[in-house]
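Shown next: upload_7.txt, containing compact mmCIF, C-alpha atoms.
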```
# COMPACT_ATOMS: atom_id res chain seq x y z
CA MET A 1 67.51 33.28 -9.35
CA ILE A 2 64.75 30.91 -8.31
CA THR A 3 66.06 27.72 -6.72
CA THR A 4 64.73 24.73 -4.85
CA PRO A 5 66.55 22.26 -2.57
CA SER A 6 68.20 19.25 -4.19
CA THR A 7 66.47 17.09 -1.59
CA ALA A 8 63.00 18.12 -2.80
CA PRO A 9 60.45 15.33 -3.22
CA ASP A 10 60.15 14.54 -6.91
CA ILE A 11 56.84 15.89 -8.18
CA LEU A 12 56.52 14.70 -11.75
CA THR A 13 54.88 17.48 -13.73
CA PRO A 14 53.66 16.20 -17.11
CA SER A 15 54.80 18.05 -20.21
CA THR A 16 51.14 18.96 -20.83
CA ALA A 17 51.17 21.30 -17.83
CA PRO A 18 51.17 25.01 -18.74
CA ASP A 19 54.53 26.77 -18.65
CA ILE A 20 54.59 30.27 -17.12
CA LEU A 21 57.62 31.12 -19.29
CA SER A 22 55.97 30.15 -22.58
CA PRO A 23 54.87 32.66 -25.25
CA GLU A 24 51.33 31.24 -25.05
CA PHE A 25 51.15 32.01 -21.34
CA ALA A 26 52.46 35.54 -21.86
CA ALA A 27 49.85 36.16 -24.56
CA ASP A 28 46.90 34.98 -22.44
CA PRO A 29 47.44 33.28 -19.07
CA TYR A 30 43.77 32.80 -18.18
CA PRO A 31 43.20 29.48 -20.05
CA ALA A 32 46.42 28.20 -18.46
CA TYR A 33 45.17 29.26 -15.04
CA ARG A 34 42.00 27.19 -15.50
CA THR A 35 44.03 24.15 -16.50
CA MET A 36 46.38 24.57 -13.55
CA ARG A 37 43.58 24.86 -11.00
CA ALA A 38 41.77 21.84 -12.38
CA ASP A 39 44.59 19.46 -13.27
CA PHE A 40 47.94 20.77 -11.96
CA PRO A 41 47.35 22.54 -8.62
CA LEU A 42 51.03 22.03 -7.72
CA ILE A 43 53.62 22.30 -10.46
CA HIS A 44 57.34 21.72 -10.05
CA HIS A 45 58.74 24.07 -12.68
CA HIS A 46 61.90 22.42 -13.89
CA THR A 47 63.36 25.49 -15.62
CA THR A 48 63.35 27.62 -12.48
CA GLY A 49 63.38 24.80 -9.93
CA GLY A 50 60.49 26.36 -8.03
CA TYR A 51 56.91 25.34 -7.33
CA ILE A 52 53.68 26.92 -8.56
CA VAL A 53 50.30 27.05 -6.79
CA SER A 54 47.15 28.38 -8.41
CA ARG A 55 44.07 27.55 -6.32
CA TYR A 56 42.55 30.23 -4.10
CA GLU A 57 42.86 28.22 -0.88
CA ASP A 58 46.54 27.47 -1.52
CA VAL A 59 47.54 31.01 -2.51
CA ALA A 60 45.62 32.49 0.44
CA ARG A 61 47.32 30.03 2.79
CA ALA A 62 50.75 30.92 1.42
CA PHE A 63 50.05 34.57 2.27
CA LYS A 64 48.67 33.94 5.77
CA ASP A 65 50.33 30.81 7.19
CA PRO A 66 53.52 31.66 9.13
CA VAL A 67 55.21 28.58 7.66
CA PHE A 68 55.53 30.62 4.45
CA THR A 69 58.22 33.28 4.77
CA SER A 70 59.11 36.21 2.54
CA HIS A 71 62.82 35.29 2.51
CA ASN A 72 62.54 35.03 -1.28
CA TYR A 73 62.86 38.82 -1.39
CA ASP A 74 66.51 38.37 -0.38
CA TRP A 75 67.26 37.44 -4.00
CA GLN A 76 64.19 38.82 -5.74
CA SER A 77 64.13 42.47 -4.68
CA GLU A 78 67.08 43.22 -2.39
CA PRO A 79 69.54 43.57 -5.29
CA VAL A 80 67.53 46.49 -6.70
CA HIS A 81 65.79 47.95 -3.62
CA GLY A 82 68.04 47.03 -0.73
CA ARG A 83 66.65 45.34 2.37
CA THR A 84 63.03 46.38 2.84
CA ILE A 85 60.06 45.76 5.11
CA LEU A 86 59.02 42.92 2.77
CA GLN A 87 61.87 40.77 4.09
CA MET A 88 61.35 41.43 7.77
CA ASP A 89 59.63 39.26 10.37
CA GLY A 90 58.56 39.58 13.99
CA ARG A 91 59.24 42.74 15.95
CA GLU A 92 61.53 44.17 13.27
CA HIS A 93 58.68 43.97 10.76
CA SER A 94 56.00 45.29 13.13
CA VAL A 95 58.11 48.29 14.19
CA ARG A 96 59.09 49.22 10.63
CA ARG A 97 55.49 48.90 9.50
CA ALA A 98 54.33 51.07 12.41
CA LEU A 99 56.88 53.72 11.43
CA VAL A 100 55.64 54.05 7.83
CA ALA A 101 51.96 53.05 7.92
CA PRO A 102 50.41 56.21 9.46
CA ALA A 103 51.30 58.28 6.39
CA PHE A 104 49.20 56.03 4.17
CA ARG A 105 45.91 56.17 6.04
CA GLY A 106 43.64 58.38 8.14
CA LYS A 107 44.31 62.06 8.76
CA ASP A 108 47.66 62.29 6.97
CA LEU A 109 46.25 60.73 3.82
CA ARG A 110 43.10 62.92 3.87
CA GLU A 111 44.58 66.25 4.88
CA LYS A 112 48.21 66.23 3.74
CA PHE A 113 48.27 64.05 0.65
CA LEU A 114 44.79 64.15 -0.91
CA PRO A 115 45.46 67.68 -2.29
CA VAL A 116 48.73 66.36 -3.79
CA ILE A 117 46.86 63.51 -5.46
CA GLU A 118 44.14 65.80 -6.84
CA ARG A 119 46.63 68.37 -8.17
CA ASN A 120 48.70 65.77 -10.03
CA SER A 121 45.62 64.17 -11.56
CA ARG A 122 44.28 67.48 -12.87
CA GLU A 123 47.65 68.53 -14.26
CA LEU A 124 48.00 65.33 -16.28
CA ILE A 125 44.44 65.57 -17.60
CA ASP A 126 44.94 69.23 -18.55
CA ALA A 127 47.62 68.11 -21.03
CA PHE A 128 45.03 66.25 -23.14
CA ARG A 129 41.77 67.86 -22.00
CA ASP A 130 41.13 69.39 -25.45
CA ALA A 131 42.48 66.48 -27.50
CA PRO A 132 40.17 64.25 -29.56
CA GLU A 133 41.90 61.16 -28.19
CA ALA A 134 44.55 60.15 -25.68
CA ASP A 135 46.51 57.17 -24.39
CA LEU A 136 45.29 56.72 -20.82
CA VAL A 137 48.34 54.56 -20.03
CA GLY A 138 51.19 56.64 -21.47
CA GLN A 139 49.67 60.06 -20.78
CA TYR A 140 48.06 59.38 -17.43
CA ALA A 141 48.21 56.03 -15.60
CA THR A 142 51.98 55.44 -15.67
CA ARG A 143 52.73 59.03 -14.71
CA PHE A 144 50.11 59.70 -12.05
CA PRO A 145 51.21 57.51 -9.10
CA ILE A 146 54.92 58.24 -9.58
CA ASN A 147 54.32 61.99 -9.70
CA VAL A 148 52.21 61.67 -6.54
CA ILE A 149 54.93 59.76 -4.69
CA VAL A 150 57.62 62.28 -5.70
CA ASP A 151 55.45 65.14 -4.44
CA MET A 152 54.46 63.33 -1.24
CA LEU A 153 58.16 62.91 -0.48
CA GLY A 154 58.73 66.63 -1.01
CA LEU A 155 61.16 66.13 -3.88
CA ASP A 156 61.76 68.39 -6.87
CA ARG A 157 58.79 68.24 -9.24
CA ALA A 158 61.19 68.88 -12.12
CA ASP A 159 62.50 65.35 -11.50
CA HIS A 160 59.19 63.58 -12.27
CA GLY A 161 60.68 62.31 -15.54
CA ARG A 162 63.81 60.89 -13.87
CA PHE A 163 61.72 59.01 -11.34
CA HIS A 164 59.56 57.57 -14.11
CA VAL A 165 62.69 56.14 -15.78
CA TRP A 166 63.96 54.66 -12.50
CA TYR A 167 60.54 53.20 -11.72
CA THR A 168 60.25 51.55 -15.12
CA SER A 169 63.73 50.00 -14.85
CA MET A 170 63.06 48.62 -11.37
CA ILE A 171 59.72 47.10 -12.38
CA ASP A 172 61.36 45.46 -15.40
CA PHE A 173 64.07 44.06 -13.09
CA LEU A 174 61.52 42.53 -10.72
CA GLY A 175 59.61 40.92 -13.59
CA ASN A 176 62.71 39.60 -15.34
CA LEU A 177 61.81 35.92 -15.04
CA SER A 178 63.93 35.03 -18.08
CA GLN A 179 67.02 36.66 -16.46
CA ASP A 180 67.74 39.00 -19.40
CA PRO A 181 71.15 40.55 -18.57
CA GLU A 182 70.35 43.95 -20.12
CA ILE A 183 67.17 44.29 -18.04
CA ALA A 184 69.09 43.28 -14.92
CA ALA A 185 71.85 45.81 -15.64
CA ALA A 186 69.33 48.63 -16.20
CA GLY A 187 67.65 47.85 -12.88
CA LEU A 188 70.95 47.98 -11.01
CA ARG A 189 71.84 51.29 -12.68
CA ALA A 190 68.50 52.70 -11.54
CA ARG A 191 69.30 51.51 -7.98
CA ASP A 192 72.66 53.30 -7.98
CA GLU A 193 71.30 56.49 -9.54
CA LEU A 194 68.39 56.65 -7.11
CA ALA A 195 70.72 56.12 -4.14
CA ALA A 196 73.08 58.88 -5.31
CA TYR A 197 70.06 61.18 -5.64
CA MET A 198 68.30 60.27 -2.39
CA ILE A 199 70.99 59.90 0.30
CA PRO A 200 72.08 63.58 0.34
CA ILE A 201 68.44 64.68 0.41
CA ILE A 202 67.66 62.29 3.29
CA GLN A 203 70.59 63.66 5.26
CA ASP A 204 69.50 67.24 4.64
CA ARG A 205 65.89 66.44 5.55
CA ARG A 206 67.03 64.98 8.89
CA ALA A 207 68.69 68.29 9.68
CA HIS A 208 65.87 70.44 8.28
CA PRO A 209 62.60 68.45 8.43
CA GLY A 210 59.48 69.78 6.77
CA ASP A 211 55.87 68.64 6.43
CA ASP A 212 56.47 66.03 3.73
CA LEU A 213 56.55 62.24 3.81
CA LEU A 214 60.34 62.06 3.63
CA SER A 215 60.60 64.23 6.75
CA VAL A 216 58.11 61.96 8.50
CA LEU A 217 60.27 58.95 7.67
CA CYS A 218 63.42 60.76 8.84
CA THR A 219 61.97 61.76 12.22
CA ALA A 220 59.59 58.89 13.08
CA GLU A 221 60.55 56.90 16.17
CA ILE A 222 58.98 53.93 17.99
CA ASP A 223 60.46 52.44 21.17
CA GLY A 224 63.78 54.11 20.42
CA THR A 225 63.93 52.74 16.87
CA ARG A 226 64.38 55.10 13.91
CA MET A 227 64.94 54.34 10.26
CA SER A 228 68.51 54.64 9.00
CA ASP A 229 69.38 56.51 5.80
CA GLU A 230 69.59 53.17 4.02
CA ASP A 231 66.22 52.06 5.47
CA ILE A 232 64.61 55.19 4.07
CA ARG A 233 66.31 54.93 0.68
CA ALA A 234 65.19 51.31 0.37
CA PHE A 235 61.63 52.20 1.37
CA VAL A 236 61.49 54.99 -1.22
CA SER A 237 62.69 52.54 -3.86
CA LEU A 238 60.05 50.01 -2.81
CA LEU A 239 57.37 52.71 -2.72
CA LEU A 240 58.13 53.72 -6.29
CA ALA A 241 57.91 50.15 -7.56
CA ALA A 242 55.01 48.80 -5.49
CA GLY A 243 53.05 52.03 -5.22
CA GLY A 244 53.49 52.93 -8.86
CA GLU A 245 52.83 49.59 -10.52
CA THR A 246 49.65 48.71 -8.62
CA THR A 247 47.95 52.06 -9.26
CA ASP A 248 49.25 52.38 -12.81
CA LYS A 249 47.87 49.07 -14.00
CA ALA A 250 44.76 49.29 -11.80
CA ILE A 251 43.62 52.53 -13.47
CA ALA A 252 44.39 51.19 -16.94
CA GLY A 253 42.71 47.86 -16.20
CA LEU A 254 39.68 49.50 -14.62
CA PHE A 255 38.99 51.65 -17.68
CA ARG A 256 39.67 48.75 -20.04
CA ASN A 257 37.15 46.65 -18.12
CA LEU A 258 34.50 49.39 -17.91
CA LEU A 259 34.84 50.38 -21.56
CA THR A 260 34.38 46.71 -22.47
CA HIS A 261 31.17 46.72 -20.38
CA PRO A 262 29.34 49.96 -21.31
CA GLY A 263 26.40 49.25 -19.01
CA GLN A 264 28.68 49.07 -15.99
CA LEU A 265 30.55 52.19 -17.13
CA ALA A 266 27.23 54.04 -17.32
CA ALA A 267 26.35 52.87 -13.82
CA VAL A 268 29.68 54.17 -12.46
CA ARG A 269 29.18 57.51 -14.22
CA GLU A 270 25.78 57.82 -12.61
CA ASP A 271 26.80 56.62 -9.13
CA ARG A 272 30.41 57.42 -8.27
CA THR A 273 30.23 55.37 -5.07
CA LEU A 274 30.56 52.39 -7.42
CA ILE A 275 34.16 53.34 -8.25
CA ALA A 276 35.37 51.39 -5.22
CA ALA A 277 33.43 48.33 -6.40
CA ALA A 278 34.83 48.70 -9.92
CA PHE A 279 38.35 48.93 -8.48
CA ALA A 280 37.83 45.89 -6.25
CA GLU A 281 36.45 43.84 -9.15
CA THR A 282 39.34 44.95 -11.36
CA LEU A 283 41.79 43.77 -8.68
CA ARG A 284 40.04 40.39 -8.75
CA PHE A 285 39.43 40.07 -12.49
CA THR A 286 42.64 41.59 -13.91
CA PRO A 287 45.03 42.13 -10.97
CA PRO A 288 48.04 44.36 -11.64
CA VAL A 289 50.37 41.82 -9.99
CA HIS A 290 49.79 38.25 -11.19
CA MET A 291 52.32 36.44 -9.06
CA ILE A 292 54.06 36.83 -5.70
CA PHE A 293 56.74 34.52 -4.34
CA ARG A 294 56.98 32.89 -0.92
CA GLN A 295 59.39 30.41 0.70
CA PRO A 296 58.30 27.80 3.30
CA CYS A 297 60.56 27.28 6.30
CA GLU A 298 59.54 23.62 6.54
CA ASP A 299 57.98 20.97 4.30
CA VAL A 300 54.33 21.84 3.71
CA GLU A 301 51.40 19.91 2.24
CA MET A 302 49.38 21.72 -0.42
CA SER A 303 46.88 20.64 -3.04
CA GLY A 304 48.73 18.18 -5.24
CA GLY A 305 51.66 17.26 -3.02
CA THR A 306 54.46 18.47 -0.74
CA ILE A 307 56.52 21.61 -1.13
CA PRO A 308 59.95 21.21 0.50
CA ALA A 309 61.40 23.66 2.99
CA GLY A 310 63.40 26.43 1.34
CA ALA A 311 61.75 26.09 -2.07
CA THR A 312 60.54 29.14 -3.96
CA VAL A 313 56.77 29.09 -4.38
CA THR A 314 55.15 31.13 -7.14
CA CYS A 315 51.70 32.13 -5.89
CA LEU A 316 49.50 32.84 -8.90
CA ILE A 317 47.20 35.66 -7.82
CA GLY A 318 45.77 35.91 -11.32
CA ALA A 319 44.67 32.27 -11.14
CA ALA A 320 43.44 32.30 -7.54
CA ASN A 321 41.29 35.37 -8.11
CA ARG A 322 39.35 33.45 -10.78
CA ASP A 323 38.94 30.21 -8.84
CA GLU A 324 35.53 28.66 -9.53
CA SER A 325 35.39 27.33 -5.99
CA ARG A 326 35.58 30.87 -4.60
CA TYR A 327 33.75 33.09 -7.12
CA ALA A 328 30.61 32.57 -9.18
CA ASP A 329 31.19 32.99 -12.92
CA PRO A 330 34.78 34.07 -12.22
CA ASP A 331 35.73 34.87 -15.83
CA THR A 332 33.05 37.58 -16.00
CA PHE A 333 33.74 41.17 -14.95
CA ASN A 334 30.85 42.22 -12.71
CA ILE A 335 31.05 45.18 -10.34
CA PHE A 336 27.76 44.07 -8.79
CA ARG A 337 28.89 40.58 -7.79
CA GLU A 338 27.81 39.48 -4.33
CA ASP A 339 30.85 37.33 -3.52
CA LEU A 340 33.32 40.23 -3.37
CA THR A 341 32.98 42.59 -0.41
CA THR A 342 33.90 46.15 -1.37
CA GLY A 343 33.94 47.34 2.22
CA SER A 344 36.89 45.13 3.12
CA ALA A 345 38.55 45.02 -0.32
CA PHE A 346 41.31 47.42 0.70
CA SER A 347 42.15 45.88 4.06
CA ALA A 348 43.86 42.70 5.26
CA ALA A 349 40.37 41.15 5.39
CA ALA A 350 39.97 41.42 1.60
CA ASP A 351 38.23 38.64 -0.35
CA HIS A 352 40.55 39.01 -3.35
CA LEU A 353 44.30 38.38 -3.18
CA ALA A 354 45.67 41.26 -5.26
CA PHE A 355 47.21 43.03 -2.24
CA ALA A 356 48.28 39.71 -0.62
CA LEU A 357 46.94 38.94 2.88
CA GLY A 358 48.17 38.65 6.44
CA ARG A 359 51.12 40.46 7.96
CA HIS A 360 52.52 41.51 4.59
CA PHE A 361 49.25 42.95 3.26
CA CYS A 362 50.07 45.98 1.09
CA VAL A 363 50.70 48.97 3.36
CA GLY A 364 49.73 51.35 0.54
CA ALA A 365 46.34 49.83 -0.30
CA LEU A 366 44.37 52.86 0.94
CA LEU A 367 46.69 55.22 -0.92
CA ALA A 368 46.04 53.23 -4.10
CA LYS A 369 42.28 53.34 -3.45
CA THR A 370 42.41 57.11 -2.97
CA GLU A 371 44.44 57.62 -6.15
CA VAL A 372 42.11 55.43 -8.19
CA GLU A 373 38.97 57.13 -6.88
CA VAL A 374 40.39 60.58 -7.57
CA GLY A 375 41.68 59.61 -11.00
CA VAL A 376 38.50 57.89 -12.17
CA ASN A 377 36.33 60.75 -10.91
CA HIS A 378 38.48 63.35 -12.66
CA LEU A 379 38.54 61.47 -15.96
CA LEU A 380 34.80 60.87 -15.94
CA ASP A 381 34.17 64.51 -15.04
CA ALA A 382 36.43 65.77 -17.83
CA PHE A 383 35.10 63.49 -20.57
CA PRO A 384 31.35 62.75 -20.76
CA THR A 385 31.94 60.13 -23.44
CA MET A 386 34.87 57.79 -23.88
CA ALA A 387 35.40 54.83 -26.24
CA PHE A 388 38.24 52.65 -27.50
CA ALA A 389 39.97 54.54 -30.30
CA ASP A 390 40.35 51.36 -32.37
CA GLY A 391 36.92 50.04 -31.52
CA GLU A 392 38.12 47.16 -29.35
CA ALA A 393 39.94 46.55 -26.09
CA PRO A 394 43.76 46.54 -26.29
CA ALA A 395 45.58 43.38 -25.28
CA GLU A 396 47.11 42.97 -21.85
CA THR A 397 50.86 42.42 -21.67
CA GLY A 398 53.23 41.14 -19.00
CA VAL A 399 53.67 38.02 -16.88
CA PHE A 400 54.80 39.08 -13.39
CA THR A 401 52.73 42.26 -13.63
CA ARG A 402 50.08 42.60 -16.30
CA GLY A 403 47.93 45.25 -17.94
CA PRO A 404 47.33 47.05 -21.22
CA GLY A 405 50.54 48.53 -22.62
CA SER A 406 48.50 51.38 -24.06
CA LEU A 407 44.86 52.41 -23.88
CA ARG A 408 43.98 54.80 -26.68
CA VAL A 409 40.53 56.29 -26.26
CA ARG A 410 38.37 58.74 -28.21
CA LEU A 411 37.27 61.58 -25.98
CA ALA A 412 34.50 64.13 -25.88
CA ARG A 413 35.32 67.11 -23.70
CA ARG A 414 32.72 68.39 -21.27
CA ALA A 415 31.43 71.77 -22.48
```
How does the structure come out when it is put into structure tokens?
Amino acid sequence: MITTPSTAPDILTPSTAPDILSPEFAADPYPAYRTMRADFPLIHHHTTGGYIVSRYEDVARAFKDPVFTSHNYDWQSEPVHGRTILQMDGREHSVRRALVAPAFRGKDLREKFLPVIERNSRELIDAFRDAPEADLVGQYATRFPINVIVDMLGLDRADHGRFHVWYTSMIDFLGNLSQDPEIAAAGLRARDELAAYMIPIIQDRRAHPGDDLLSVLCTAEIDGTRMSDEDIRAFVSLLLAAGGETTDKAIAGLFRNLLTHPGQLAAVREDRTLIAAAFAETLRFTPPVHMIFRQPCEDVEMSGGTIPAGATVTCLIGAANRDESRYADPDTFNIFREDLTTGSAFSAAADHLAFALGRHFCVGALLAKTEVEVGVNHLLDAFPTMAFADGEAPAETGVFTRGPGSLRVRLARRA
């Protein structure tokens, strides 16, 4: 659970400060984000004992400044994933990242995995291609990235459904800010079931490598370092959670945003090079992940006061990405905005903070970009018209991660 040192300086947070665990925040965090940035840039959250930062400059610093560590993952994600690259520093981190990163960019991504992405997208769309309406979340977005990951790893396609259940349980575990015991237990069951499934396959793949991602992980070596069976199992678990959730909610959020702005949807239909801009603006405007934790290794001054060494810091990406000091008219979705650079939006030089920044920038950002571009292109190609089935945008749900729980749309099939 989130804790902070007993020796922490006493930051008195007035009762009027927004509470990230309140029902009002869960229903719509954006008014709370504005209040935090303006009046409470540093909140000591007494329920969790941690600290909350919301301004762009503070969240960006927490991602880039070496004083902020990722040791929080020791309690946040290790119980469900095992020890992963997220927790590593220095040479250990750089070597592990170098072992896995090549599969998610360049030639491997284009030649080996793009056909996998395209096939899975078409297969999901085929299931509702002739239907008058569909739920783009339940029938497409939540399935697509998980199916892609399973196939990239060279696992049995008949197990797509099992992986979807494990993925959902792990995501719920990571977002369990209220410490619900049933959610925690389900996440730990998913951990054990995934391990029992994966370890024998990893051992077999070491002995009989193929051309899939799992074989790459089993055989990759840098300076005499190779990944252990447990390293690989933990990375697969992390890949399911991080790779699935970002793409899932990004596709759903992108279509929700475009359908709410028909002029911009028409522009994207006409010029598909704008898909990247629409994705980048979606990551800024409605990021899939709204908060990431960090832990400073020494006392650090931020806007509003001092955060003590060892404290858990909740970095509000959803608030920082709408900071008035960084973006013009930040509460407006605009794929043509001039203060968000699409060309660097999927690299560690990104303007937005949805993939974090610095040494722990999301290793799968280009994979997510490729999946989103393929998915959006395929959906627009298949359906020349698309509109909200109920006539209005569905509500977003979630606190740690956030997006529409469903997205029912009326469809017109291309003749």
Problem set entry | Residue among A:Thr397, A:Thr219, A:Asn176, A:Thr341 lying closest to A:Gly253, counting all atoms listed in the file |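 The shortest atom-to-atom distance to A:Gly253 comes from A:Thr397.
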Exercise. Atom CA of A:Ala354 to atom CA of A:Glu78: how many Å, to one decimal?
Worked result: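 Distance between the two atoms: 21.7 Å.
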Contact residues around stretch 284-286 of chain A with all atoms listed in the file at 8 Å, ignoring same-chain residues under 5 positions, as an mmCIF file with C-alpha atoms, in the coordinates of the input:
```cif
data_model
loop_
_atom_site.group_PDB
_atom_site.id
_atom_site.type_symbol
_atom_site.label_atom_id
_atom_site.label_comp_id
_atom_site.auth_asym_id
_atom_site.auth_seq_id
_atom_site.Cartn_x
_atom_site.Cartn_y
_atom_site.Cartn_z
ATOM 1 C CA GLY A 253 42.710 47.860 -16.200
ATOM 2 C CA GLY A 318 45.770 35.910 -11.320
ATOM 3 C CA ASN A 321 41.290 35.370 -8.110
ATOM 4 C CA ARG A 322 39.350 33.450 -10.780
ATOM 5 C CA PRO A 330 34.780 34.070 -12.220
ATOM 6 C CA ASP A 331 35.730 34.870 -15.830
ATOM 7 C CA THR A 332 33.050 37.580 -16.000
ATOM 8 C CA PHE A 333 33.740 41.170 -14.950
ATOM 9 C CA HIS A 352 40.550 39.010 -3.350
ATOM 10 C CA LEU A 353 44.300 38.380 -3.180
ATOM 11 C CA ALA A 354 45.670 41.260 -5.260
ATOM 12 C CA ARG A 402 50.080 42.600 -16.300
ATOM 13 C CA GLY A 403 47.930 45.250 -17.940
#
```
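With distances taken over all atoms listed in the file, A:Phe144 is the one residue among A:Phe144, A:Phe104, A:Phe383, A:Phe400 lying closest to A:Glu118.
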For this session: Please check which residues have atoms at most 12 Å from (52.0, 31.2, 7.6) in the file's coordinates, counting only C-alpha atoms, and write them as a VMD selection string.
Result: chain A and resid 58 to 70 89 294 to 298 300 357 to 360
Dump C-alpha atoms for the selected residues as a short mmCIF file (atom, residue, chain, number, x, y, z; two decimals), in the coordinates of the input?
```cif
data_model
loop_
_atom_site.label_atom_id
_atom_site.label_comp_id
_atom_site.auth_asym_id
_atom_site.auth_seq_id
_atom_site.Cartn_x
_atom_site.Cartn_y
_atom_site.Cartn_z
CA ASP A 58 46.54 27.47 -1.52
CA VAL A 59 47.54 31.01 -2.51
CA ALA A 60 45.62 32.49 0.44
CA ARG A 61 47.32 30.03 2.79
CA ALA A 62 50.75 30.92 1.42
CA PHE A 63 50.05 34.57 2.27
CA LYS A 64 48.67 33.94 5.77
CA ASP A 65 50.33 30.81 7.19
CA PRO A 66 53.52 31.66 9.13
CA VAL A 67 55.21 28.58 7.66
CA PHE A 68 55.53 30.62 4.45
CA THR A 69 58.22 33.28 4.77
CA SER A 70 59.11 36.21 2.54
CA ASP A 89 59.63 39.26 10.37
CA ARG A 294 56.98 32.89 -0.92
CA GLN A 295 59.39 30.41 0.70
CA PRO A 296 58.30 27.80 3.30
CA CYS A 297 60.56 27.28 6.30
CA GLU A 298 59.54 23.62 6.54
CA VAL A 300 54.33 21.84 3.71
CA LEU A 357 46.94 38.94 2.88
CA GLY A 358 48.17 38.65 6.44
CA ARG A 359 51.12 40.46 7.96
CA HIS A 360 52.52 41.51 4.59
#
```
For this session: Go through A:Val80, A:Met291, A:Met88, A:Ala17 one by one, measure the shortest atom-to-atom distance of each to A:Asp192 using all atoms listed in the file, and give the residue with the smallest value.
Result: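 When distances to A:Asp192 are compared using all atoms listed in the file, the smallest one comes from A:Val80.
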For this session: Figure out the distance between atom CA of A:Gln139 and atom CA of A:His261, please, to one decimal in Å.
Result: 22.8 Å
Exercise. Neighbours of A:Ala38 within 12 Å (all atoms listed in the file; same-chain residues fewer than 6 positions away dropped), as a PyMOL selection string?
Worked result: chain A and resi 17-18+31-32+53-56+303-304+319-320+322-325
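Atom to atom, atom CA of A:Ala252 and atom CA of A:Glu392 stand 14.5 Å apart.
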Problem set entry | Shell of 10 Å around A:Thr168, only C-alpha atoms, local chain residues under 2 positions omitted, as a ChimeraX atom specification | /A:142,163-166,170-173,186-187,190,240-241,244-245
For this session: List the neighbours of A:Gln87 out to 6 Å using all atoms listed in the file; skip same-chain residues closer than 2 positions along the sequence, and give me the result as a VMD selection string.
Result: chain A and resid 70 to 71 73 84 to 85
Exercise. For A:Ala26, which residue out of A:Arg413, A:His290, A:Arg91, A:Arg337 is the nearest one, using only C-alpha atoms?
Worked result: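 Result for the nearest residue to A:Ala26: A:His290.
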Problem set entry | Surrounding residues of A:Ile146 excluding itself and chain neighbours under 5 positions, 12 Å, only C-alpha atoms, as a ChimeraX atom specification | /A:116-117,120-121,124,140-141,151-153,155,157,159-168,236-248,368,371
What box, with edges along x, y and z, holds each listed atom of stretch 112-122 of chain A when 8 Å is added on every side, and can you state its centre and edge lengths in Å to one decimal, as AutoDock Vina command-line options?
```
--center_x 46.4 --center_y 65.9 --center_z -4.6 --size_x 20.6 --size_y 20.9 --size_z 32.6
```
Exercise. Could you tell me, as a PyMOL selection string, which residues have any atom at most 12 Å from (28.3, 60.1, -7.8), counting only C-alpha atoms?
Worked result: chain A and resi 266-276+373+376-378+380-381
Exercise. Pick the closest to A:Gly138 from A:Ala185, A:Ile251, A:Met386, A:Leu258: which is it, counting only C-alpha atoms?
Worked result: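 Nearest candidate to A:Gly138 out of A:Ala185, A:Ile251, A:Met386, A:Leu258: A:Ile251.
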